[in-house]
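my_file_30.tsv follows (TSV, C-alpha atoms):
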chain	number	residue	atom	x	y	z
A	1	MET	CA	140.16	108.00	89.18
A	2	ALA	CA	138.42	110.60	87.16
A	3	LYS	CA	140.44	113.29	85.49
A	4	ARG	CA	140.76	116.33	87.64
A	5	VAL	CA	140.09	119.66	86.14
A	6	ALA	CA	141.12	123.14	87.04
A	7	VAL	CA	138.49	124.33	89.33
A	8	LYS	CA	137.60	127.26	91.39
A	9	LEU	CA	136.53	127.25	94.93
A	10	THR	CA	134.62	130.15	96.20
A	11	LEU	CA	133.18	130.63	99.56
A	12	SER	CA	130.42	133.07	99.83
A	13	ILE	CA	128.90	134.00	103.08
A	14	ALA	CA	125.55	135.61	103.37
A	15	VAL	CA	123.87	136.43	106.58
A	16	ALA	CA	120.55	134.72	106.92
A	17	GLY	CA	117.56	136.93	107.13
A	18	THR	CA	118.93	139.74	105.05
A	19	GLY	CA	116.02	139.62	102.74
A	20	LEU	CA	117.88	138.01	99.89
A	21	LEU	CA	116.13	135.46	97.81
A	22	MET	CA	115.53	132.58	100.09
A	23	MET	CA	115.76	129.10	98.80
A	24	GLY	CA	117.00	125.68	99.58
A	25	LEU	CA	115.10	123.19	101.65
A	26	PRO	CA	117.32	121.73	104.30
A	27	ALA	CA	117.44	118.16	105.47
A	28	ALA	CA	114.73	117.77	108.00
A	29	ALA	CA	113.65	114.30	107.26
A	30	HIS	CA	116.12	112.53	109.47
A	31	HIS	CA	118.54	114.46	111.62
A	32	SER	CA	118.28	118.15	112.37
A	33	PHE	CA	119.66	120.15	109.45
A	34	ALA	CA	120.24	123.17	111.64
A	35	ALA	CA	122.33	121.12	114.07
A	36	GLU	CA	124.72	120.03	111.33
A	37	TYR	CA	124.85	122.83	108.77
A	38	ASP	CA	125.33	126.59	108.86
A	39	SER	CA	122.43	127.90	106.85
A	40	SER	CA	123.89	131.42	106.90
A	41	LYS	CA	126.60	130.28	104.50
A	42	LYS	CA	126.86	128.86	101.02
A	43	VAL	CA	129.78	127.34	99.18
A	44	GLU	CA	130.12	126.95	95.45
A	45	LEU	CA	132.26	123.97	94.57
A	46	THR	CA	133.50	122.95	91.15
A	47	GLY	CA	134.92	119.50	90.80
A	48	VAL	CA	134.68	115.93	89.65
A	49	VAL	CA	132.47	113.27	91.16
A	50	THR	CA	134.49	110.51	92.76
A	51	LYS	CA	131.61	108.53	94.27
A	52	PHE	CA	127.81	108.57	94.36
A	53	GLU	CA	125.99	106.77	97.15
A	54	TRP	CA	122.29	106.11	96.51
A	55	THR	CA	121.71	105.15	100.12
A	56	ASN	CA	119.55	105.76	103.17
A	57	PRO	CA	118.96	107.70	105.27
A	58	HIS	CA	120.58	110.15	102.87
A	59	GLY	CA	122.31	109.95	99.54
A	60	HIS	CA	125.82	111.32	99.29
A	61	PHE	CA	128.23	112.17	96.57
A	62	TYR	CA	131.87	113.08	96.79
A	63	ILE	CA	133.82	115.45	94.57
A	64	ASP	CA	137.46	116.31	94.21
A	65	VAL	CA	137.91	120.08	94.32
A	66	THR	CA	141.25	121.58	93.33
A	67	ASP	CA	142.16	125.00	94.71
A	68	PRO	CA	144.21	127.58	92.74
A	69	ASN	CA	147.39	126.18	94.26
A	70	GLY	CA	146.64	122.74	92.94
A	71	LYS	CA	145.70	121.25	96.29
A	72	VAL	CA	142.86	118.76	96.06
A	73	ALA	CA	140.19	118.32	98.68
A	74	ASN	CA	137.51	115.66	98.57
A	75	TRP	CA	134.14	117.05	99.64
A	76	ASN	CA	131.31	114.97	101.07
A	77	LEU	CA	127.98	116.32	99.84
A	78	GLU	CA	124.78	115.19	101.45
A	79	LEU	CA	121.56	114.68	99.53
A	80	ALA	CA	118.04	113.69	100.48
A	81	SER	CA	116.95	110.11	100.88
A	82	PRO	CA	116.47	108.03	97.72
A	83	ASN	CA	112.71	107.80	98.30
A	84	MET	CA	112.41	111.57	98.35
A	85	MET	CA	114.82	112.08	95.46
A	86	MET	CA	113.09	109.46	93.35
A	87	ARG	CA	109.82	111.32	93.81
A	88	ASN	CA	111.63	114.45	92.63
A	89	GLY	CA	112.83	112.85	89.44
A	90	TRP	CA	116.20	111.46	90.44
A	91	THR	CA	117.42	107.97	89.70
A	92	ARG	CA	120.46	106.07	90.88
A	93	HIS	CA	122.01	107.01	87.54
A	94	SER	CA	121.59	110.77	88.01
A	95	LEU	CA	125.24	111.17	88.99
A	96	LYS	CA	128.22	109.02	88.25
A	97	GLU	CA	131.92	108.95	88.90
A	98	GLY	CA	133.73	111.29	86.54
A	99	ASP	CA	130.91	113.80	86.14
A	100	HIS	CA	132.12	117.39	86.17
A	101	VAL	CA	129.84	119.41	88.38
A	102	VAL	CA	129.31	122.79	89.97
A	103	VAL	CA	127.59	122.48	93.32
A	104	VAL	CA	125.99	125.11	95.51
A	105	ALA	CA	125.82	123.76	99.03
A	106	THR	CA	125.38	124.61	102.68
A	107	PRO	CA	128.56	123.86	104.62
A	108	ALA	CA	128.78	121.89	107.86
A	109	LYS	CA	129.34	123.87	111.03
A	110	ASP	CA	132.31	121.74	112.03
A	111	GLY	CA	134.51	123.08	109.25
A	112	THR	CA	135.11	119.75	107.57
A	113	HIS	CA	134.74	119.32	103.82
A	114	THR	CA	131.12	118.40	104.33
A	115	ALA	CA	128.08	120.18	102.98
A	116	SER	CA	124.45	119.71	102.05
A	117	ALA	CA	123.95	120.05	98.32
A	118	VAL	CA	121.33	122.49	97.08
A	119	THR	CA	121.90	122.52	93.34
A	120	ILE	CA	124.17	120.58	91.05
A	121	THR	CA	125.01	121.73	87.52
A	122	LYS	CA	126.63	119.21	85.22
A	123	SER	CA	129.05	120.09	82.44
A	124	ASP	CA	126.37	119.78	79.77
A	125	GLY	CA	124.30	122.37	81.59
A	126	ALA	CA	121.85	119.88	83.02
A	127	GLN	CA	120.80	120.75	86.50
A	128	LEU	CA	119.87	118.55	89.39
A	129	THR	CA	118.00	120.14	92.18
A	130	PHE	CA	117.52	118.40	95.24
A	131	MET	CA	115.42	118.69	98.25
A	132	SER	CA	116.81	117.57	101.52
A	133	ALA	CA	113.34	118.00	102.92
A	134	PRO	CA	109.98	117.43	101.33
A	135	PRO	CA	107.98	120.33	100.05
A	136	PRO	CA	106.40	122.14	102.99
A	137	ASP	CA	102.92	121.15	101.95
A	138	VAL	CA	103.52	117.50	102.62
A	139	LYS	CA	105.12	117.80	106.03
B	1	MET	CA	105.55	114.41	90.35
B	2	LYS	CA	105.04	117.35	88.07
B	3	ARG	CA	104.46	119.51	91.10
B	4	TYR	CA	107.83	118.50	92.52
B	5	LEU	CA	109.57	119.16	89.24
B	6	VAL	CA	108.13	122.63	89.08
B	7	ILE	CA	109.27	123.33	92.61
B	8	GLY	CA	112.68	121.93	91.74
B	9	TYR	CA	112.98	124.15	88.69
B	10	VAL	CA	112.22	127.23	90.71
B	11	ILE	CA	114.87	126.26	93.23
B	12	ALA	CA	117.40	125.59	90.48
B	13	VAL	CA	116.95	128.96	88.84
B	14	GLY	CA	117.28	130.70	92.16
B	15	ALA	CA	120.35	128.81	93.18
B	16	VAL	CA	122.57	129.49	90.22
B	17	SER	CA	121.77	133.15	90.07
B	18	LEU	CA	122.80	133.96	93.58
B	19	LEU	CA	124.64	132.59	96.50
B	20	VAL	CA	121.98	133.23	98.96
B	21	ALA	CA	120.88	132.88	102.48
B	22	GLN	CA	119.17	129.66	103.25
B	23	THR	CA	116.25	129.66	105.54
B	24	PRO	CA	115.85	127.06	108.21
B	25	ALA	CA	113.37	124.35	107.40
B	26	PRO	CA	109.91	125.19	108.53
B	27	ALA	CA	109.07	123.20	111.60
B	28	PRO	CA	107.26	120.10	110.53
B	29	SER	CA	103.65	120.98	110.65
B	30	ASN	CA	100.72	118.89	111.55
B	31	ALA	CA	98.52	121.22	109.62
B	32	ALA	CA	96.47	119.74	106.87
B	33	PRO	CA	98.57	119.38	103.74
B	34	LYS	CA	97.20	121.82	101.22
B	35	ALA	CA	95.42	120.45	98.25
B	36	LYS	CA	96.99	121.77	95.12
B	37	GLY	CA	95.09	123.99	92.79
B	38	LYS	CA	95.14	124.19	89.05
B	39	GLY	CA	98.62	124.20	87.59
B	40	LYS	CA	100.26	123.31	90.88
B	41	GLY	CA	100.11	119.56	90.73
B	42	PRO	CA	97.59	116.91	91.57
B	43	ALA	CA	94.89	117.62	94.08
B	44	THR	CA	94.25	115.45	97.09
B	45	PRO	CA	91.94	112.63	95.98
B	46	SER	CA	88.36	113.62	96.62
B	47	GLY	CA	85.17	111.71	97.16
B	48	PRO	CA	83.11	110.27	99.97
B	49	THR	CA	84.57	108.28	102.83
B	50	PRO	CA	85.00	104.74	101.50
B	51	ARG	CA	83.41	101.82	103.31
B	52	LEU	CA	83.82	98.06	103.32
B	53	PRO	CA	80.93	95.88	102.14
B	54	ASP	CA	79.80	95.48	105.75
B	55	GLY	CA	79.63	99.24	106.21
B	56	THR	CA	82.80	99.67	108.26
B	57	VAL	CA	84.85	102.72	107.31
B	58	ASP	CA	87.82	101.70	105.18
B	59	LEU	CA	90.99	103.40	106.42
B	60	THR	CA	93.37	101.55	104.14
B	61	GLY	CA	95.60	103.38	101.71
B	62	VAL	CA	98.89	105.23	101.45
B	63	TRP	CA	98.87	108.35	103.61
B	64	MET	CA	101.14	111.31	104.27
B	65	GLY	CA	101.11	113.29	107.49
B	66	GLY	CA	100.44	112.44	111.08
B	67	GLY	CA	98.94	113.25	114.40
B	68	SER	CA	101.44	115.61	115.96
B	69	ASN	CA	104.12	118.17	115.18
B	70	SER	CA	107.33	116.19	114.89
B	71	GLY	CA	109.44	119.30	115.47
B	72	ASP	CA	107.71	120.45	118.65
B	73	ILE	CA	104.85	118.45	120.08
B	74	THR	CA	103.57	121.52	121.95
B	75	LYS	CA	102.59	123.03	118.61
B	76	GLY	CA	99.31	121.88	117.22
B	77	LEU	CA	97.52	121.06	120.44
B	78	LYS	CA	93.80	120.87	120.74
B	79	PRO	CA	92.59	124.41	121.51
B	80	GLY	CA	92.84	125.33	125.18
B	81	GLU	CA	95.33	122.61	126.04
B	82	GLN	CA	98.92	122.96	127.13
B	83	VAL	CA	101.89	120.77	127.83
B	84	VAL	CA	103.23	121.02	131.36
B	85	MET	CA	106.24	118.89	132.13
B	86	GLN	CA	107.30	117.54	135.48
B	87	PRO	CA	110.44	119.42	136.63
B	88	TRP	CA	112.69	116.42	136.10
B	89	ALA	CA	111.40	115.99	132.55
B	90	GLU	CA	112.03	119.63	131.77
B	91	ALA	CA	115.55	119.34	133.17
B	92	LEU	CA	116.22	116.21	131.12
B	93	MET	CA	114.99	117.84	127.94
B	94	LYS	CA	117.42	120.74	128.39
B	95	THR	CA	120.35	118.35	128.44
B	96	ARG	CA	119.42	116.53	125.27
B	97	LYS	CA	121.65	116.74	122.22
B	98	SER	CA	120.56	116.55	118.63
B	99	GLN	CA	122.97	113.74	117.83
B	100	ASP	CA	121.41	111.60	120.56
B	101	ASP	CA	117.91	111.73	119.08
B	102	PRO	CA	116.94	108.07	118.63
B	103	GLU	CA	115.27	109.00	115.35
B	104	ALA	CA	118.56	110.36	114.03
B	105	ASN	CA	120.19	107.12	115.10
B	106	CYS	CA	117.80	105.05	113.02
B	107	LEU	CA	115.64	103.94	115.92
B	108	PRO	CA	111.84	104.10	115.87
B	109	THR	CA	109.99	107.33	116.50
B	110	GLY	CA	107.36	105.69	118.69
B	111	VAL	CA	103.99	107.41	118.94
B	112	PRO	CA	102.85	109.95	117.83
B	113	ARG	CA	105.96	111.39	116.16
B	114	GLY	CA	105.84	110.92	112.42
B	115	SER	CA	108.17	111.26	109.50
B	116	PRO	CA	107.85	113.22	106.26
B	117	TYR	CA	107.44	109.98	104.37
B	118	PRO	CA	104.30	108.08	103.43
B	119	TRP	CA	102.82	105.23	105.42
B	120	ARG	CA	100.28	102.60	104.53
B	121	MET	CA	97.37	101.37	106.57
B	122	VAL	CA	96.46	97.74	105.93
B	123	GLN	CA	93.83	95.54	107.49
B	124	THR	CA	92.91	91.89	107.62
B	125	PRO	CA	90.49	90.52	106.68
B	126	THR	CA	90.16	92.92	103.81
B	127	HIS	CA	86.41	93.07	103.17
B	128	LYS	CA	84.82	93.22	106.59
B	129	ALA	CA	85.58	94.68	109.98
B	130	ALA	CA	89.23	94.05	110.76
B	131	THR	CA	90.69	91.77	113.36
B	132	HIS	CA	94.10	93.34	112.80
B	133	ILE	CA	95.13	96.71	111.42
B	134	PHE	CA	98.74	97.34	110.49
B	135	ILE	CA	100.56	100.59	109.87
B	136	LEU	CA	103.54	100.15	107.56
B	137	TYR	CA	106.01	103.00	107.72
B	138	GLU	CA	108.31	103.86	104.82
B	139	GLY	CA	110.54	105.86	107.12
B	140	ASN	CA	111.64	106.42	109.89
B	141	ILE	CA	112.49	103.53	110.18
B	142	HIS	CA	110.72	101.23	107.76
B	143	SER	CA	108.98	99.56	110.67
B	144	PHE	CA	105.37	98.66	111.43
B	145	ARG	CA	102.73	98.87	114.13
B	146	GLN	CA	100.02	96.34	114.75
B	147	ILE	CA	96.63	97.11	116.22
B	148	PHE	CA	94.61	94.25	117.70
B	149	MET	CA	90.96	95.04	117.15
B	150	ASN	CA	88.74	94.46	120.16
B	151	GLY	CA	91.74	93.01	121.92
B	152	LYS	CA	92.96	93.23	125.48
B	153	HIS	CA	96.22	94.58	126.83
B	154	PRO	CA	98.50	92.10	128.55
B	155	ASP	CA	98.68	92.53	132.30
B	156	ASP	CA	102.39	93.29	132.26
B	157	PRO	CA	103.52	94.11	128.72
B	158	ASP	CA	107.19	94.31	127.93
B	159	PRO	CA	108.06	97.95	127.24
B	160	THR	CA	108.50	98.44	123.49
B	161	TRP	CA	108.97	101.28	121.00
B	162	TYR	CA	105.40	101.10	119.71
B	163	GLY	CA	103.76	99.58	122.77
B	164	HIS	CA	100.75	97.28	122.71
B	165	SER	CA	97.81	98.65	120.73
B	166	ILE	CA	94.17	97.61	120.81
B	167	GLY	CA	91.57	99.11	118.52
B	168	SER	CA	87.83	99.68	118.56
B	169	TRP	CA	85.29	101.72	116.64
B	170	ASP	CA	83.56	104.76	118.08
B	171	GLY	CA	81.04	105.32	115.32
B	172	ASP	CA	83.16	105.96	112.24
B	173	THR	CA	86.28	106.75	114.25
B	174	LEU	CA	88.97	104.16	114.88
B	175	VAL	CA	90.19	104.47	118.47
B	176	VAL	CA	93.61	103.01	119.20
B	177	ASP	CA	94.57	102.57	122.83
B	178	THR	CA	98.23	101.88	123.48
B	179	VAL	CA	100.22	101.09	126.62
B	180	GLY	CA	103.48	99.25	127.22
B	181	TYR	CA	105.79	101.82	125.70
B	182	ASN	CA	109.46	102.03	126.53
B	183	ASP	CA	110.86	105.43	127.55
B	184	LYS	CA	113.49	105.61	124.84
B	185	PHE	CA	111.95	107.57	121.97
B	186	TRP	CA	111.58	111.33	121.86
B	187	PHE	CA	108.24	112.96	121.08
B	188	ASP	CA	109.92	115.48	118.75
B	189	TYR	CA	113.18	117.02	117.55
B	190	LEU	CA	113.28	119.14	120.71
B	191	GLY	CA	113.50	116.03	122.84
B	192	HIS	CA	110.27	116.08	124.82
B	193	PRO	CA	110.60	112.98	127.02
B	194	HIS	CA	108.18	110.47	128.44
B	195	THR	CA	108.14	107.48	130.77
B	196	GLU	CA	106.94	103.90	130.62
B	197	LYS	CA	103.69	105.15	132.15
B	198	LEU	CA	102.80	106.62	128.77
B	199	HIS	CA	99.31	105.81	127.57
B	200	THR	CA	98.13	107.12	124.21
B	201	ILE	CA	94.67	107.20	122.70
B	202	GLU	CA	94.62	107.88	118.96
B	203	ARG	CA	91.45	108.72	117.10
B	204	TYR	CA	91.52	108.20	113.31
B	205	THR	CA	88.59	109.71	111.41
B	206	ARG	CA	88.53	109.48	107.62
B	207	THR	CA	86.50	112.59	106.89
B	208	ASP	CA	86.37	111.91	103.15
B	209	LEU	CA	88.29	109.89	100.58
B	210	GLY	CA	91.43	111.98	100.73
B	211	ASN	CA	91.63	113.21	104.30
B	212	MET	CA	91.95	111.73	107.75
B	213	THR	CA	92.08	113.59	111.06
B	214	ILE	CA	94.27	112.08	113.73
B	215	ASP	CA	93.92	113.24	117.32
B	216	VAL	CA	96.26	111.80	119.89
B	217	THR	CA	95.75	112.09	123.64
B	218	ILE	CA	99.00	111.70	125.54
B	219	ASP	CA	98.68	110.69	129.15
B	220	ASP	CA	101.98	110.22	130.95
B	221	PRO	CA	101.71	111.01	134.65
B	222	GLY	CA	105.40	110.14	134.97
B	223	ALA	CA	106.55	113.12	132.93
B	224	TYR	CA	103.60	115.52	132.53
B	225	THR	CA	101.20	117.06	135.02
B	226	LYS	CA	98.10	116.31	132.96
B	227	PRO	CA	97.10	114.70	129.67
B	228	PHE	CA	97.12	116.72	126.46
B	229	THR	CA	95.80	116.10	122.97
B	230	THR	CA	97.51	116.83	119.69
B	231	THR	CA	95.60	117.27	116.47
B	232	GLY	CA	96.85	116.42	113.02
B	233	ARG	CA	95.73	115.37	109.60
B	234	ALA	CA	96.90	112.96	106.98
B	235	ARG	CA	96.31	113.21	103.24
B	236	LEU	CA	95.76	110.27	100.93
B	237	GLU	CA	98.52	109.95	98.40
B	238	GLN	CA	97.78	109.94	94.70
B	239	PRO	CA	97.02	106.58	93.08
B	240	GLY	CA	100.28	104.92	92.09
B	241	ILE	CA	102.29	106.26	95.01
B	242	GLU	CA	103.71	103.31	96.89
B	243	ILE	CA	105.88	103.12	99.96
B	244	VAL	CA	109.43	102.14	99.08
B	245	GLU	CA	112.30	100.60	100.97
B	246	TYR	CA	114.10	102.83	103.45
B	247	ILE	CA	116.76	101.12	105.51
B	248	CYS	CA	118.10	103.91	107.68
B	249	GLN	CA	121.00	101.93	109.11
B	250	GLU	CA	122.51	101.49	105.66
B	251	ASN	CA	124.64	104.63	105.57
B	252	ASN	CA	123.91	106.83	108.57
B	253	ILE	CA	127.17	108.77	108.45
B	254	ASP	CA	126.10	112.33	109.19
B	255	LEU	CA	125.90	112.36	112.96
B	256	VAL	CA	129.66	112.69	113.39
B	257	HIS	CA	129.19	116.25	112.13
B	258	VAL	CA	126.48	117.06	114.67
B	259	ASN	CA	127.26	118.40	118.12
B	260	ALA	CA	124.45	120.64	119.18
B	261	PRO	CA	121.53	120.94	121.58
B	262	ALA	CA	118.34	119.23	120.50
B	263	GLN	CA	116.63	121.65	118.18
B	264	LEU	CA	114.09	122.07	115.45
B	265	PRO	CA	114.96	120.66	112.04
Render the structure in this file as structure tokens.
Amino acid sequence: MAKRVAVKLTLSIAVAGTGLLMMGLPAAAHHSFAAEYDSSKKVELTGVVTKFEWTNPHGHFYIDVTDPNGKVANWNLELASPNMMMRNGWTRHSLKEGDHVVVVATPAKDGTHTASAVTITKSDGAQLTFMSAPPPDVK
Amino acid sequence: MKRYLVIGYVIAVGAVSLLVAQTPAPAPSNAAPKAKGKGKGPATPSGPTPRLPDGTVDLTGVWMGGGSNSGDITKGLKPGEQVVMQPWAEALMKTRKSQDDPEANCLPTGVPRGSPYPWRMVQTPTHKAATHIFILYEGNIHSFRQIFMNGKHPDDPDPTWYGHSIGSWDGDTLVVDTVGYNDKFWFDYLGHPHTEKLHTIERYTRTDLGNMTIDVTIDDPGAYTKPFTTTGRARLEQPGIEIVEYICQENNIDLVHVNAPAQLP
């Protein structure tokens, strides 16, 4: 098991359509993104990767997030499909167990520790962006 | 690839600076994918419509895009047309749940619903008018269709996800006539239904090297009051882009988090 680090967990809620910078391309390639995730919310999670699944129909990675009281929750973070991610520069080595990451993600509506990752920042500052859906011009 | 990296960079910068509202995905469009201009990535390959040595239009290649709007099939109709469902079909559609979409459950999308992934058209023989044309799908769900050129439909075909397709040429347009569909797939994310009476006529016209128009006439007297035609366009992928493996059943773990009416992506 990777070493756990002190982390922060913040939950930020922004109402969609408020005119803020809009970004993030939800998963549309397979199931309905809107049916699973609450696009009016974002979570920022800091933690350690416990597993990375380079699988179809979507990739996933899991991180242990420790709250200020020391309680650890394992989050399931959905990615795009490997074909789409590969075409956006990812490889199966892009994440690995033990990586320390900060993730901005869209949480699931069902309140579980499940979210769709939007951006991932690694401890060396490297960023992985990810598109759950293809660029609009290729739909 | 560079185009995607640029888009990714923009997204990255935006994401770390703010926790922001996320917009819903735009409904999948059947509009022509835009060719990219200078500095925005590779343009759609350009040139004249390619032909085989015997003069037949060559439709082979790796394509992106399709013949209907996969979010809502009523968008992108031929001008002046409309979709009118039988009352029972309308009632059924209202009961449909997103998690029950066959596509989300790794089952085929049927015709004409597409995916946002590339597909390859292949023919045999390769250098003269085809006897068979195949469509190889990367996703969803890494399946294939086969089109029997100048063939004949069976008298009583078993209902299947892609039906029985026969092809012919109308000038430079490939016409694919398909019957024998099952009633299991949905036309779109909204859950527009159909019956085993479905009959589709697809018209593929490669207007130049990089572009192909795809019109699909949908005739299902079991679920709709009259036929309607969708219009779409596919773009040829850049040289070097290949379809890759996509086995949807491998790790389809997300649906347990979905409990919602059928809806746009």
Checklist entry - So which residues touch Asn76 in chain A within 8 Å, counting only C-alpha atoms, skipping near sequence neighbours fewer than 4 positions away, as a ChimeraX atom specification? => result /A:60-63,113-115
Can you write out the residues you just picked, keeping C-alpha atoms, as an mmCIF file, in the frame of the given file?
data_model
loop_
_atom_site.group_PDB
_atom_site.id
_atom_site.type_symbol
_atom_site.label_atom_id
_atom_site.label_comp_id
_atom_site.auth_asym_id
_atom_site.auth_seq_id
_atom_site.Cartn_x
_atom_site.Cartn_y
_atom_site.Cartn_z
ATOM 1 C CA HIS A 60 125.820 111.320 99.290
ATOM 2 C CA PHE A 61 128.230 112.170 96.570
ATOM 3 C CA TYR A 62 131.870 113.080 96.790
ATOM 4 C CA ILE A 63 133.820 115.450 94.570
ATOM 5 C CA HIS A 113 134.740 119.320 103.820
ATOM 6 C CA THR A 114 131.120 118.400 104.330
ATOM 7 C CA ALA A 115 128.080 120.180 102.980
#
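CA of Val179 in chain B is found 26.8 Å from CA of Asn211 in chain B.
The interatomic distance for the pair CA of His31 in chain A and CA of Glu202 in chain B works out to 25.9 Å.
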Next on the checklist: If we count only C-alpha atoms and set the cut-off at 8 Å, which residues sit around His100 in chain A, ignoring sequence neighbours fewer than 3 positions away in its own chain? Please answer as a PyMOL selection string.
Outcome noted: chain A and resi 46-49+122-123
Restricting the output to C-alpha atoms, write the selected residues as a CSV table (one decimal), in the frame of the given file.
chain,number,residue,atom,x,y,z
A,46,THR,CA,133.5,123.0,91.2
A,47,GLY,CA,134.9,119.5,90.8
A,48,VAL,CA,134.7,115.9,89.6
A,49,VAL,CA,132.5,113.3,91.2
A,122,LYS,CA,126.6,119.2,85.2
A,123,SER,CA,129.0,120.1,82.4
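Using all atoms listed in the file, the smallest distance between any of B:Gly55, B:Gly210, B:Pro157, B:Pro118 and chain A comes from B:Pro118.
Near Ile73 in chain B, within a cut-off of 8 Å and counting all atoms listed in the file, sit the residues Ser68, Asn69, Ser70, Gly71, Lys75, Gly76, Leu77, Phe187, Asp188, His192 and Thr230 of chain B, with same-chain residues fewer than 2 positions away left out.
Taking CA of Thr160 in chain B and CA of Thr109 in chain B as the two end points, the separation is 11.4 Å.
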